[in-house]
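> I have a structure I would like to understand better, so I am pasting it below and will then ask my questions one at a time.
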Amino acid sequence: MNISKTNKFVHCYVSTIVVLTGACILATDAAAAEARVDEDAPRKVLVRLDRQSEARRQEGKDTFLHAAHNCYFDHSDDDEEDGTTVVSLRGIMAAEMSTREMLELQESGLFEVVEEDAEMVQMGWREDTQAFNDFDRRLKADVVPWGITNVQAQDVPDHPTNKIKVCVADTGYYIGHEDLPFCERDDDKCKDIVNGTDSVEYNEEWSYDGSGHGTHCAGTVGAIGNNGKGVVGVFSDPTKWSLEIGKAMYGRGYGYTSGIMEAVENCVRNGAKVVSLS
C-alpha cells in the first residue's frame with residue numbers, strides 16, 4: 001500500500017469536507033441573516049377573530065391592534081350573520097405590521113385565520129388616468145363578440161317578474177361610456193340602472209376606473225344592443241337588468257384580498273344575484 005498516496009487522498013477528502021462544511025456554514029449564516037431581515041419586513045396581514053368565544057374574540061382584537069401599525073380594515077364588531085350574505089366579514093381585520101408580529105399572531109392561537117392580505121393584480125393592466133376619457137377605438141356597429149354567441153346569451157329568456165342585478169367587482173366603472181348604461185352618481189334612480197359602493201380602503205369612488213379593466217368587464221356583461229355603437233353584451237337591454245359596481249381594486253389595476261372581499265360583500269348586500277370577478 002502506498003502510504004504517501006493514501007495520505008494525499010485522506011488530506012484531499014478531509015479538505016473537501018472542510019470546504020463543504022464551511023460553505024454550508026456560510027450558507028446557513030446567510031439564510032439566518034436573510035430571515036432576520038425578513039422578520040422586520042412590512043406586511044399587510046389579514047386575520048379572523050374567534051367567533052365562538054366573546055372573551056377570546058376581544059383578546060384577539062386587543063392583541064391584533066397592539067401589533068398593528070395601521071389598521072385599514074375592521075369588521076371586528078359586525079353583527080351576527082343573518083344568513084343573507086355569501087361572504088361574511090364578521091370578525092375580519094387587516095393591518096400593516098412586521099413579519100415578526102404576524103408570526104407572533106399565528107403562534108398565539110387566538111385567531112381562526114392569520115395570513116397575508118395578498119396583493120391581486122389584473123392581467124395586463126396599465127397605469128393610466130381615466131383611460132376611457134380618450135377612448136378612440138370606437139366600433140361603428142353593434143358587433144356581437146364571439147363569446148356572446150358561444151355562451152348562447154341571446155337565447156336566455158328574460159326574468160318573468162323583475163330585473164336581475166349583476167355585480168362587476170373590479171377596478172371601477174367609467175360613467176359616460178357611450179355603449180354602457182349611464183346614470184349620474186347619487187341619483188335615486190341609479191339603483192335600478194347602475195350603482196356601486198365607494199372603497200374606503202382604497203379611498204376611490206366606484207365610478208373611477210383608471211385602467212379601463214372594470215369598464216371592459218362591465219361591457220362584456222352589459223354593453224347596450226341596438227344602438228349602433230360598440231359591441232353587444234350578455235345582457236344587451238338595460239331595461240331588463242341593473243348593474244352593481246364593486247370597487248375590488250384600485251383604478252390602476254391592483255388590490256388586496258380584503259378589498260375584494262368587501263366589494264363582493266357590498267354587492268350581495270345591495271341585492272346582486274350574480275358577481276363577476278373577471
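FYI, nothing fancy with the C-alpha cells labels: chains A, B, ... in order, residues from 1 per chain, ligands from 1 as they appear.
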Excluding same-chain residues fewer than 2 positions from stretch 260-262 of chain A, what lies within 8 Å of it counting only C-alpha atoms, as number ranges by chain?
A: 87, 89, 169, 247-249, 255-258, 264-266
> Create the file for the chosen residues now, containing N, CA, C and O atoms and written as a CSV table (one decimal), in the first residue's frame.

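The resulting file, part_26.csv, is reproduced below:
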chain,number,residue,atom,x,y,z
A,87,VAL,N,-70.5,36.1,1.6
A,87,VAL,CA,-69.2,36.3,2.2
A,87,VAL,C,-69.4,37.1,3.5
A,87,VAL,O,-69.7,38.3,3.4
A,89,LEU,N,-68.0,39.1,6.6
A,89,LEU,CA,-66.8,39.8,7.0
A,89,LEU,C,-66.7,39.9,8.5
A,89,LEU,O,-65.8,40.5,9.0
A,169,ALA,N,-67.2,43.2,-9.9
A,169,ALA,CA,-66.2,43.6,-8.8
A,169,ALA,C,-64.9,43.6,-9.5
A,169,ALA,O,-64.2,42.6,-9.7
A,247,LYS,N,-66.0,48.0,-6.0
A,247,LYS,CA,-64.7,48.5,-6.1
A,247,LYS,C,-63.7,47.6,-5.5
A,247,LYS,O,-63.2,47.8,-4.3
A,248,ALA,N,-63.3,46.5,-6.2
A,248,ALA,CA,-62.5,45.5,-5.7
A,248,ALA,C,-61.0,45.8,-5.7
A,248,ALA,O,-60.2,45.2,-5.0
A,249,MET,N,-60.6,46.7,-6.7
A,249,MET,CA,-59.2,47.0,-6.9
A,249,MET,C,-59.1,48.6,-7.1
A,249,MET,O,-60.1,49.2,-7.4
A,255,GLY,N,-55.1,45.3,-6.2
A,255,GLY,CA,-55.8,45.5,-4.9
A,255,GLY,C,-55.4,44.4,-4.0
A,255,GLY,O,-54.4,43.7,-4.2
A,256,TYR,N,-56.2,44.2,-2.9
A,256,TYR,CA,-55.8,43.2,-1.9
A,256,TYR,C,-57.0,42.3,-1.6
A,256,TYR,O,-58.2,42.6,-1.9
A,257,THR,N,-56.7,41.2,-1.0
A,257,THR,CA,-57.8,40.2,-0.6
A,257,THR,C,-58.9,40.9,0.1
A,257,THR,O,-60.1,40.7,-0.1
A,258,SER,N,-58.6,41.7,1.1
A,258,SER,CA,-59.6,42.4,1.9
A,258,SER,C,-60.5,43.3,1.1
A,258,SER,O,-61.7,43.3,1.3
A,264,VAL,N,-67.3,42.3,-2.8
A,264,VAL,CA,-68.3,41.2,-3.0
A,264,VAL,C,-69.4,41.3,-2.0
A,264,VAL,O,-70.6,41.2,-2.3
A,265,GLU,N,-69.0,41.5,-0.7
A,265,GLU,CA,-70.0,41.6,0.3
A,265,GLU,C,-70.9,42.8,0.1
A,265,GLU,O,-72.2,42.6,0.2
A,266,ASN,N,-70.4,43.9,-0.4
A,266,ASN,CA,-71.3,45.1,-0.6
A,266,ASN,C,-72.2,44.8,-1.8
A,266,ASN,O,-73.4,45.2,-1.8
> Considering only C-alpha atoms, state which residue in the set A:Leu243, A:Val231, A:Val194, A:Met93 is at the smallest distance from A:Glu112.
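Residue with the minimum atom-to-atom distance to A:Glu112: A:Met93.
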> Can you work out which one of A:Gly212, A:Gly233, A:Gly219, A:Gly172 has the shortest atom-to-atom distance to A:Val151, counting only C-alpha atoms?
A:Gly233
> Let me make sure I understand: among A:Gly251, A:Gly91, A:Pro42, A:Pro181, which one has the smallest atom-to-atom distance to A:Thr239 if we use only C-alpha atoms?
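Among A:Gly251, A:Gly91, A:Pro42, A:Pro181, it is A:Pro181 that comes nearest to A:Thr239.
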> Within stretch 130-259 of chain A, find each residue whose DSSP state, derived from the backbone, is alpha helix (DSSP H), and express the selection as a list of chain:residue names.
A:Trp146, A:Gly147, A:Ile148, A:Thr149, A:Asn150, A:His213, A:Gly214, A:Thr215, A:His216, A:Cys217, A:Ala218, A:Gly219, A:Thr220, A:Val221, A:Gly222, A:Thr257, A:Ser258, A:Gly259
> I'd like the neighbourhood of A:Glu115 as an MDAnalysis selection string, where a residue qualifies if any of its atoms comes within 8 Å (using only C-alpha atoms), though same-chain residues fewer than 4 positions away should be ignored.
chainID A and resid 45:47 102
> So which residues touch A:Asn162 within 12 Å, counting only C-alpha atoms, skipping near sequence neighbours fewer than 6 positions away, as a PyMOL selection string?
chain A and resi 192+239-242
> Given the choices A:Gly222, A:Tyr250, A:Val274, A:Pro238, which gets closest to A:Ile148 if the distance is worked out from only C-alpha atoms?
A:Gly222
> Residues of stretch 60-117 of chain A classed as strand (DSSP E) by DSSP on the backbone are to be reported as a PDB file with C-alpha atoms, in the first residue's frame.

ATOM      1  CA  ASN A  70     -52.120  50.888  10.588  1.00  0.00           C
ATOM      2  CA  CYS A  71     -55.464  49.079  10.834  1.00  0.00           C
ATOM      3  CA  TYR A  72     -57.152  49.755   7.492  1.00  0.00           C
ATOM      4  CA  PHE A  73     -59.888  47.098   7.550  1.00  0.00           C
ATOM      5  CA  ASP A  74     -62.004  46.456  10.643  1.00  0.00           C
ATOM      6  CA  ILE A  92     -62.123  40.094   9.940  1.00  0.00           C
ATOM      7  CA  MET A  93     -59.445  42.734  10.376  1.00  0.00           C
ATOM      8  CA  ALA A  94     -56.427  43.780   8.327  1.00  0.00           C
ATOM      9  CA  ALA A  95     -53.442  45.948   9.154  1.00  0.00           C
ATOM     10  CA  GLU A  96     -49.832  46.680   8.358  1.00  0.00           C
ATOM     11  CA  MET A  97     -47.227  45.114  10.646  1.00  0.00           C
ATOM     12  CA  SER A  98     -43.865  43.354  10.526  1.00  0.00           C
ATOM     13  CA  PHE A 111     -57.385  33.630  15.732  1.00  0.00           C
ATOM     14  CA  GLU A 112     -59.281  31.425  13.317  1.00  0.00           C
ATOM     15  CA  VAL A 113     -57.093  32.692  10.461  1.00  0.00           C
ATOM     16  CA  VAL A 114     -53.852  34.672  10.220  1.00  0.00           C
ATOM     17  CA  GLU A 115     -52.497  35.202   6.714  1.00  0.00           C
ATOM     18  CA  GLU A 116     -51.038  37.808   4.419  1.00  0.00           C
TER      19      GLU A 116
END
> Within 12 Å of A:Cys217, counting only C-alpha atoms, which residues qualify if same-chain residues fewer than 5 places away don't, as a VMD selection string?
chain A and resid 122 166 to 174 180 209 211 to 212 222 to 223 233 to 234 243 245 to 246 275 to 278
> Would you mind exporting the chosen residues as a short mmCIF file (atom, residue, chain, number, x, y, z; two decimals), in the first residue's frame, restricted to N, CA and C atoms?

data_model
loop_
_atom_site.label_atom_id
_atom_site.label_comp_id
_atom_site.auth_asym_id
_atom_site.auth_seq_id
_atom_site.Cartn_x
_atom_site.Cartn_y
_atom_site.Cartn_z
N GLN A 122 -54.58 42.67 -11.84
CA GLN A 122 -55.29 42.27 -13.05
C GLN A 122 -54.28 41.94 -14.14
N VAL A 166 -76.70 42.48 -11.53
CA VAL A 166 -75.41 41.81 -11.72
C VAL A 166 -74.30 42.72 -11.19
N CYS A 167 -73.38 42.12 -10.44
CA CYS A 167 -72.26 42.89 -9.89
C CYS A 167 -70.99 42.61 -10.69
N VAL A 168 -70.25 43.66 -11.00
CA VAL A 168 -68.90 43.53 -11.56
C VAL A 168 -67.94 44.08 -10.50
N ALA A 169 -67.21 43.18 -9.86
CA ALA A 169 -66.24 43.56 -8.82
C ALA A 169 -64.86 43.64 -9.47
N ASP A 170 -64.40 44.86 -9.69
CA ASP A 170 -63.17 45.03 -10.47
C ASP A 170 -62.54 46.38 -10.13
N THR A 171 -62.02 47.08 -11.15
CA THR A 171 -61.29 48.33 -10.93
C THR A 171 -62.17 49.57 -10.92
N GLY A 172 -63.46 49.41 -11.20
CA GLY A 172 -64.36 50.55 -11.23
C GLY A 172 -65.17 50.58 -12.52
N TYR A 173 -65.74 51.74 -12.80
CA TYR A 173 -66.67 51.87 -13.93
C TYR A 173 -66.60 53.29 -14.45
N TYR A 174 -66.48 53.41 -15.77
CA TYR A 174 -66.43 54.74 -16.38
C TYR A 174 -67.84 55.19 -16.74
N LEU A 180 -72.49 51.87 -22.62
CA LEU A 180 -72.83 51.27 -21.33
C LEU A 180 -73.94 52.05 -20.65
N ASP A 209 -62.28 54.56 -12.93
CA ASP A 209 -61.63 53.38 -13.48
C ASP A 209 -60.41 53.82 -14.26
N SER A 211 -57.69 52.21 -15.24
CA SER A 211 -57.10 51.30 -16.23
C SER A 211 -58.08 50.88 -17.31
N GLY A 212 -59.38 50.97 -17.03
CA GLY A 212 -60.38 50.57 -18.00
C GLY A 212 -60.77 49.11 -17.91
N GLY A 222 -72.80 43.85 -20.02
CA GLY A 222 -73.98 44.60 -20.40
C GLY A 222 -73.83 45.72 -21.41
N ALA A 223 -72.92 45.57 -22.37
CA ALA A 223 -72.86 46.57 -23.45
C ALA A 223 -74.22 46.63 -24.15
N GLY A 233 -73.45 43.11 -25.25
CA GLY A 233 -73.09 42.36 -24.05
C GLY A 233 -74.00 41.16 -23.84
N VAL A 234 -73.74 40.40 -22.79
CA VAL A 234 -74.59 39.26 -22.44
C VAL A 234 -76.01 39.73 -22.18
N LEU A 243 -76.94 47.10 -12.96
CA LEU A 243 -75.53 46.83 -12.73
C LEU A 243 -75.09 47.40 -11.38
N ILE A 245 -71.64 47.99 -9.11
CA ILE A 245 -70.19 48.02 -9.24
C ILE A 245 -69.54 47.83 -7.88
N GLY A 246 -68.70 46.80 -7.79
CA GLY A 246 -67.91 46.58 -6.58
C GLY A 246 -66.50 47.07 -6.81
N VAL A 275 -72.18 37.73 -9.31
CA VAL A 275 -70.99 38.55 -9.11
C VAL A 275 -69.91 38.11 -10.09
N SER A 276 -69.42 39.04 -10.88
CA SER A 276 -68.33 38.77 -11.83
C SER A 276 -67.00 39.22 -11.24
N LEU A 277 -66.06 38.27 -11.15
CA LEU A 277 -64.69 38.57 -10.71
C LEU A 277 -63.76 38.14 -11.84
N SER A 278 -63.73 38.94 -12.87
CA SER A 278 -63.04 38.54 -14.10
C SER A 278 -61.54 38.75 -13.98
#
> Taking only C-alpha atoms into account, which of A:Lys61, A:Arg56, A:His213, A:Arg185 comes nearest A:Arg252?
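The answer is A:His213, which sits nearest to A:Arg252.
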> I'd like the interatomic distance between atom CA of A:Ser76 and atom CA of A:Leu49, to a tenth of an Å.
7.3 Å
> Could you jot down the atom CA of A:Glu54 to atom CA of A:Ala263 separation for me, Å, one decimal place?
27.0 Å
